[in-house]
2 protein chains.
Amino acid sequence: MHDEHAIRSRRSEGEVILLSAGPGDLELLTLKAAKALAMAEVLLLDELVNPRIVELAPHARVIRVGKRGGCRSTPQAFICRLMRRYALQGARVVRVKGGDALLFGRAGEEIAFLRQAGIRVGIVNGISAGFAAAASLRISLTHRDHCHGITFVTAHTRDHGEPDWAALAATGTTLAIYMGMGRIESTAGALLRHLPATTPAAIVQSASQPEETQLLTTLGRLAADAQRSGLGSPGVILVGAVLAEASAFAPLPMSMPAGARVGG
Amino acid sequence: MHDEHAIRSRRSEGEVILLSAGPGDLELLTLKAAKALAMAEVLLLDELVNPRIVELAPHARVIRVGKRGGCRSTPQAFICRLMRRYALQGARVVRVKGGDALLFGRAGEEIAFLRQAGIRVGIVNGISAGFAAAASLRISLTHRDHCHGITFVTAHTRDHGEPDWAALAATGTTLAIYMGMGRIESTAGALLRHLPATTPAAIVQSASQPEETQLLTTLGRLAADAQRSGLGSPGVILVGAVLAEASAFAPLPMSMPAGARVGG
């Protein structure tokens, strides 16, 4: 009886933790994330999360709910219903998203759904891929010799349009472009109407992971170099003068004719 | 003799780890940061870092090198020389910065100095205050109903000018303004020339810490509400439609005449 009461009381105040898995290296999880994973009873995993994260959640039933652009995926509404079902059953539900859960990735919609269902939402921050990319390149994202800010932006808007590249270029901030590898040619082309072709640029794929790959180039050569190197999704595209700080330390100079690929 | 050789060999490949301390809650340190702290022999601490972080570095000599705007501070050149001295002595030097070390905070200059001195630089990412603020407000920074990106920007440029608020407003991205509490009136005034007074806005001070305070308001009332609430530096100012998602869950509605202060 006592147990049943305890379970009911947990049910009445269901909770879902939105947990940020970071860029891939599990050591970049926060201490708070590791604790939440250790207690998790149900884990809903996004596709881009390091699959070895389940080793940190030994008591959890694992449900994979990838939503990758262009691939077959679990509809958002179904993911929301799954979270609600397990939370109302009183389970410790942890919804795992790559990077920081609050940067892209539809956390907003999931939070709104859960709140409307009367379910508490806990959030555990994490490291977004753009920060991990900067760490790998050994650059500040906002070196004050070059800029005073950084903009994280997706390469396409919800209605399949494009962001206002003219305004973004005019800010003078470093640009970190997410979900942009699939349309890198049109994105680079759009930016070239507002920024010099010599603007330093980079792509970092699988930042923080053993298979990490970096490409240092310029905006003018970005699309061609990306294609030549065979870099694909997902990758973070960085554009701005701060990238020159990385090139100074690269084994291959930026004036190389082909993509100056460093690291690996 | 053997020991001396070992020390010399470590000396010849001196290393400094730039470590991100996150927004304050020590549980938001990464597992990687905790490991680096446990091994640290010399810790150079910025002023805005949670002072209890030293408990995670029991073997370290702690040197406080705060550089707070407007206060007496340790000159940047002296901090650089300290890092170089200890690194060349072969000590495990950990340079601790608040938030993510690569977002504001002069990491770029320190990296350049160390590289020129032939000292390896390791970087451990962390959670920047803007992300922790969003977690406290339970909002996505980039809810796709409202925007497709976020810009992190300082309220003043290196040459004591201002960023291009017109361009920043035109991007349609959420704005996370750092180091802006001291000039919130002029910043809000500048943004009001380009954004409606009804644009949702928030201030989060001490995000993730017990003394955290939130203020939810609109751009039109931002400066007055901040003054009325006695909020000061450091705080993160957030401006953009995504903030409306937070207000929906606030105990006080946004239409309250005074600053609708939630949490604490």
# chains A, B, ... in the order shown; residues from 1 in each chain; ligands from 1

$ select_by_dssp --residues "range 81-191 of chain A" --states "strand (DSSP E)" --output "MDAnalysis selection string"
chainID A and resid 93:97 120:124 149:154 174:178

$ interface_residues --of "chain A" --to "chain B" --cutoff "7 Å" --atoms "only C-alpha atoms" --output "VMD selection string"
chain A and resid 27 to 32 102 to 104 106 to 108 123 125 to 127 131 to 132 135 139 to 144 148 to 154 157 to 158 164 167 to 168 170 to 171

$ residues_around --residues "range 95-98 of chain A" --least-positions-apart "4" --cutoff "7 Å" --atoms "only C-alpha atoms" --output "PDB file with all heavy atoms, in the first residue's frame"
ATOM      1  N   VAL A  16       9.566  15.320 -16.692  1.00  0.00           N
ATOM      2  CA  VAL A  16      10.475  14.909 -17.761  1.00  0.00           C
ATOM      3  C   VAL A  16      11.706  15.796 -17.685  1.00  0.00           C
ATOM      4  O   VAL A  16      11.585  17.020 -17.538  1.00  0.00           O
ATOM      5  CB  VAL A  16       9.817  15.040 -19.153  1.00  0.00           C
ATOM      6  CG1 VAL A  16      10.851  14.854 -20.259  1.00  0.00           C
ATOM      7  CG2 VAL A  16       8.685  14.034 -19.314  1.00  0.00           C
ATOM      8  N   ILE A  17      12.864  15.178 -17.748  1.00  0.00           N
ATOM      9  CA  ILE A  17      14.100  15.955 -17.803  1.00  0.00           C
ATOM     10  C   ILE A  17      14.589  16.016 -19.247  1.00  0.00           C
ATOM     11  O   ILE A  17      14.816  14.977 -19.869  1.00  0.00           O
ATOM     12  CB  ILE A  17      15.176  15.344 -16.881  1.00  0.00           C
ATOM     13  CG1 ILE A  17      14.718  15.468 -15.423  1.00  0.00           C
ATOM     14  CG2 ILE A  17      16.526  16.031 -17.092  1.00  0.00           C
ATOM     15  CD1 ILE A  17      15.643  14.809 -14.436  1.00  0.00           C
ATOM     16  N   LEU A  18      14.689  17.233 -19.769  1.00  0.00           N
ATOM     17  CA  LEU A  18      15.301  17.434 -21.092  1.00  0.00           C
ATOM     18  C   LEU A  18      16.799  17.537 -20.867  1.00  0.00           C
ATOM     19  O   LEU A  18      17.274  18.481 -20.230  1.00  0.00           O
ATOM     20  CB  LEU A  18      14.798  18.719 -21.738  1.00  0.00           C
ATOM     21  CG  LEU A  18      13.347  18.772 -22.205  1.00  0.00           C
ATOM     22  CD1 LEU A  18      13.091  20.088 -22.946  1.00  0.00           C
ATOM     23  CD2 LEU A  18      13.016  17.601 -23.122  1.00  0.00           C
ATOM     24  N   LEU A  19      17.503  16.575 -21.367  1.00  0.00           N
ATOM     25  CA  LEU A  19      18.928  16.467 -21.037  1.00  0.00           C
ATOM     26  C   LEU A  19      19.786  16.679 -22.275  1.00  0.00           C
ATOM     27  O   LEU A  19      19.560  16.069 -23.320  1.00  0.00           O
ATOM     28  CB  LEU A  19      19.189  15.092 -20.407  1.00  0.00           C
ATOM     29  CG  LEU A  19      20.578  14.847 -19.831  1.00  0.00           C
ATOM     30  CD1 LEU A  19      20.479  14.007 -18.558  1.00  0.00           C
ATOM     31  CD2 LEU A  19      21.490  14.171 -20.827  1.00  0.00           C
ATOM     32  N   SER A  20      20.774  17.529 -22.141  1.00  0.00           N
ATOM     33  CA  SER A  20      21.654  17.873 -23.258  1.00  0.00           C
ATOM     34  C   SER A  20      22.844  16.918 -23.269  1.00  0.00           C
ATOM     35  O   SER A  20      23.588  16.842 -22.298  1.00  0.00           O
ATOM     36  CB  SER A  20      22.167  19.302 -23.095  1.00  0.00           C
ATOM     37  OG  SER A  20      21.104  20.196 -22.899  1.00  0.00           O
ATOM     38  N   ALA A  21      23.000  16.218 -24.382  1.00  0.00           N
ATOM     39  CA  ALA A  21      24.052  15.203 -24.459  1.00  0.00           C
ATOM     40  C   ALA A  21      25.383  15.768 -24.924  1.00  0.00           C
ATOM     41  O   ALA A  21      26.380  15.054 -24.957  1.00  0.00           O
ATOM     42  CB  ALA A  21      23.617  14.083 -25.385  1.00  0.00           C
ATOM     43  N   GLY A  22      25.405  17.048 -25.306  1.00  0.00           N
ATOM     44  CA  GLY A  22      26.659  17.624 -25.774  1.00  0.00           C
ATOM     45  C   GLY A  22      27.011  17.157 -27.172  1.00  0.00           C
ATOM     46  O   GLY A  22      26.207  16.526 -27.852  1.00  0.00           O
ATOM     47  N   PRO A  23      28.248  17.457 -27.608  1.00  0.00           N
ATOM     48  CA  PRO A  23      28.624  17.243 -29.001  1.00  0.00           C
ATOM     49  C   PRO A  23      29.022  15.806 -29.345  1.00  0.00           C
ATOM     50  O   PRO A  23      29.195  15.499 -30.517  1.00  0.00           O
ATOM     51  CB  PRO A  23      29.812  18.180 -29.173  1.00  0.00           C
ATOM     52  CG  PRO A  23      30.425  18.246 -27.807  1.00  0.00           C
ATOM     53  CD  PRO A  23      29.278  18.157 -26.838  1.00  0.00           C
ATOM     54  N   LEU A  43      14.593   6.350 -21.187  1.00  0.00           N
ATOM     55  CA  LEU A  43      15.479   7.254 -21.919  1.00  0.00           C
ATOM     56  C   LEU A  43      14.944   7.373 -23.345  1.00  0.00           C
ATOM     57  O   LEU A  43      14.821   6.369 -24.044  1.00  0.00           O
ATOM     58  CB  LEU A  43      16.877   6.634 -21.942  1.00  0.00           C
ATOM     59  CG  LEU A  43      18.105   7.522 -21.902  1.00  0.00           C
ATOM     60  CD1 LEU A  43      18.132   8.352 -20.626  1.00  0.00           C
ATOM     61  CD2 LEU A  43      19.373   6.651 -21.952  1.00  0.00           C
ATOM     62  N   LEU A  44      14.621   8.584 -23.771  1.00  0.00           N
ATOM     63  CA  LEU A  44      14.214   8.804 -25.169  1.00  0.00           C
ATOM     64  C   LEU A  44      15.370   9.486 -25.872  1.00  0.00           C
ATOM     65  O   LEU A  44      15.711  10.634 -25.590  1.00  0.00           O
ATOM     66  CB  LEU A  44      12.949   9.661 -25.239  1.00  0.00           C
ATOM     67  CG  LEU A  44      11.681   8.955 -24.760  1.00  0.00           C
ATOM     68  CD1 LEU A  44      11.328   9.395 -23.358  1.00  0.00           C
ATOM     69  CD2 LEU A  44      10.525   9.225 -25.701  1.00  0.00           C
ATOM     70  N   LEU A  45      15.971   8.768 -26.824  1.00  0.00           N
ATOM     71  CA  LEU A  45      17.248   9.183 -27.416  1.00  0.00           C
ATOM     72  C   LEU A  45      17.101   9.727 -28.822  1.00  0.00           C
ATOM     73  O   LEU A  45      16.556   9.051 -29.692  1.00  0.00           O
ATOM     74  CB  LEU A  45      18.166   7.962 -27.534  1.00  0.00           C
ATOM     75  CG  LEU A  45      19.110   7.585 -26.426  1.00  0.00           C
ATOM     76  CD1 LEU A  45      20.084   6.540 -26.971  1.00  0.00           C
ATOM     77  CD2 LEU A  45      19.871   8.792 -25.911  1.00  0.00           C
ATOM     78  N   ASP A  46      17.644  10.901 -29.068  1.00  0.00           N
ATOM     79  CA  ASP A  46      17.721  11.420 -30.428  1.00  0.00           C
ATOM     80  C   ASP A  46      18.813  10.693 -31.218  1.00  0.00           C
ATOM     81  O   ASP A  46      19.736  10.119 -30.642  1.00  0.00           O
ATOM     82  CB  ASP A  46      18.024  12.922 -30.403  1.00  0.00           C
ATOM     83  CG  ASP A  46      16.771  13.744 -30.620  1.00  0.00           C
ATOM     84  OD1 ASP A  46      15.687  13.151 -30.715  1.00  0.00           O
ATOM     85  OD2 ASP A  46      16.871  14.978 -30.684  1.00  0.00           O
ATOM     86  N   LEU A  48      21.256  11.778 -33.174  1.00  0.00           N
ATOM     87  CA  LEU A  48      22.618  12.305 -33.264  1.00  0.00           C
ATOM     88  C   LEU A  48      23.388  12.191 -31.949  1.00  0.00           C
ATOM     89  O   LEU A  48      24.529  12.622 -31.852  1.00  0.00           O
ATOM     90  CB  LEU A  48      22.587  13.768 -33.719  1.00  0.00           C
ATOM     91  CG  LEU A  48      22.105  13.963 -35.158  1.00  0.00           C
ATOM     92  CD1 LEU A  48      22.096  15.432 -35.528  1.00  0.00           C
ATOM     93  CD2 LEU A  48      23.001  13.180 -36.117  1.00  0.00           C
ATOM     94  N   VAL A  49      22.773  11.580 -30.952  1.00  0.00           N
ATOM     95  CA  VAL A  49      23.444  11.447 -29.661  1.00  0.00           C
ATOM     96  C   VAL A  49      24.376  10.231 -29.694  1.00  0.00           C
ATOM     97  O   VAL A  49      24.053   9.205 -30.297  1.00  0.00           O
ATOM     98  CB  VAL A  49      22.372  11.294 -28.555  1.00  0.00           C
ATOM     99  CG1 VAL A  49      22.999  10.916 -27.239  1.00  0.00           C
ATOM    100  CG2 VAL A  49      21.545  12.569 -28.443  1.00  0.00           C
TER     101      VAL A  49
END

$ residues_around --residues "range 195-201 of chain A" --least-positions-apart "3" --cutoff "8 Å" --atoms "only C-alpha atoms" --output "NGL selection string"
:A and (169 or 191-192 or 216-222 or 237-244)

$ write_last_selection --atoms "N, CA and C atoms" --output "JSON list (two decimals), in the first residue's frame"
[["chain", "number", "residue", "atom", "x", "y", "z"],
["A", 169, "ALA", "N", 25.20, 39.07, -41.97],
["A", 169, "ALA", "CA", 26.54, 39.53, -42.35],
["A", 169, "ALA", "C", 26.81, 40.91, -41.76],
["A", 191, "LEU", "N", 25.93, 34.28, -48.72],
["A", 191, "LEU", "CA", 26.82, 35.08, -47.87],
["A", 191, "LEU", "C", 27.83, 35.87, -48.69],
["A", 192, "LEU", "N", 28.23, 35.31, -49.83],
["A", 192, "LEU", "CA", 29.22, 35.99, -50.66],
["A", 192, "LEU", "C", 28.68, 37.29, -51.26],
["A", 216, "LEU", "N", 39.64, 24.04, -42.91],
["A", 216, "LEU", "CA", 39.84, 25.49, -42.81],
["A", 216, "LEU", "C", 39.97, 26.06, -44.21],
["A", 217, "THR", "N", 39.20, 27.07, -44.50],
["A", 217, "THR", "CA", 39.22, 27.61, -45.85],
["A", 217, "THR", "C", 38.75, 29.06, -45.82],
["A", 218, "THR", "N", 38.24, 29.54, -46.93],
["A", 218, "THR", "CA", 37.64, 30.88, -46.98],
["A", 218, "THR", "C", 36.21, 30.74, -47.48],
["A", 219, "LEU", "N", 35.44, 31.78, -47.29],
["A", 219, "LEU", "CA", 34.05, 31.74, -47.74],
["A", 219, "LEU", "C", 33.98, 31.48, -49.24],
["A", 220, "GLY", "N", 34.91, 32.08, -49.97],
["A", 220, "GLY", "CA", 34.89, 31.91, -51.43],
["A", 220, "GLY", "C", 35.12, 30.48, -51.88],
["A", 221, "ARG", "N", 35.86, 29.72, -51.08],
["A", 221, "ARG", "CA", 36.17, 28.34, -51.48],
["A", 221, "ARG", "C", 35.40, 27.30, -50.66],
["A", 222, "LEU", "N", 34.56, 27.79, -49.75],
["A", 222, "LEU", "CA", 33.91, 26.90, -48.78],
["A", 222, "LEU", "C", 33.17, 25.73, -49.43],
["A", 237, "ILE", "N", 29.26, 24.87, -39.69],
["A", 237, "ILE", "CA", 29.99, 25.78, -40.57],
["A", 237, "ILE", "C", 30.24, 27.07, -39.79],
["A", 238, "LEU", "N", 31.49, 27.48, -39.72],
["A", 238, "LEU", "CA", 31.85, 28.73, -39.03],
["A", 238, "LEU", "C", 32.38, 29.73, -40.04],
["A", 239, "VAL", "N", 31.90, 30.95, -39.95],
["A", 239, "VAL", "CA", 32.33, 32.00, -40.88],
["A", 239, "VAL", "C", 32.64, 33.27, -40.09],
["A", 240, "GLY", "N", 33.81, 33.84, -40.34],
["A", 240, "GLY", "CA", 34.12, 35.10, -39.67],
["A", 240, "GLY", "C", 35.61, 35.26, -39.44],
["A", 241, "ALA", "N", 36.00, 36.48, -39.16],
["A", 241, "ALA", "CA", 37.42, 36.81, -39.04],
["A", 241, "ALA", "C", 38.11, 36.01, -37.93],
["A", 242, "VAL", "N", 37.38, 35.61, -36.88],
["A", 242, "VAL", "CA", 38.03, 34.86, -35.80],
["A", 242, "VAL", "C", 38.66, 33.57, -36.29],
["A", 243, "LEU", "N", 38.14, 33.01, -37.38],
["A", 243, "LEU", "CA", 38.69, 31.76, -37.88],
["A", 243, "LEU", "C", 40.14, 31.89, -38.32],
["A", 244, "ALA", "N", 40.55, 33.11, -38.62],
["A", 244, "ALA", "CA", 41.95, 33.33, -39.00],
["A", 244, "ALA", "C", 42.88, 32.95, -37.86]]

$ residues_around --residues "Val204 in chain B" --least-positions-apart "3" --cutoff "8 Å" --atoms "only C-alpha atoms" --output "PDB file with C-alpha atoms, in the first residue's frame"
ATOM      1  CA  ALA B 133      19.266  31.493 -18.199  1.00  0.00           C
ATOM      2  CA  ALA B 207      21.588  31.805 -13.526  1.00  0.00           C
ATOM      3  CA  GLU B 212      19.259  33.395  -9.135  1.00  0.00           C
ATOM      4  CA  THR B 213      16.785  36.150  -9.992  1.00  0.00           C
ATOM      5  CA  GLN B 214      14.643  36.468 -13.090  1.00  0.00           C
ATOM      6  CA  LEU B 215      12.857  39.458 -14.486  1.00  0.00           C
ATOM      7  CA  GLY B 235      23.253  39.554 -15.650  1.00  0.00           C
ATOM      8  CA  VAL B 236      22.225  38.242 -19.035  1.00  0.00           C
ATOM      9  CA  ILE B 237      19.656  40.273 -20.966  1.00  0.00           C
TER      10      ILE B 237
END

$ select_by_dssp --residues "range 86-188 of chain B" --states "helix (DSSP H, G or I)" --output "ChimeraX atom specification"
/B:86-88,107-116,129-137,165-170,181-188

$ atom_distance --atom1 "CA of Leu82 in chain B" --atom2 "CA of Leu56 in chain B"
21.4 Å
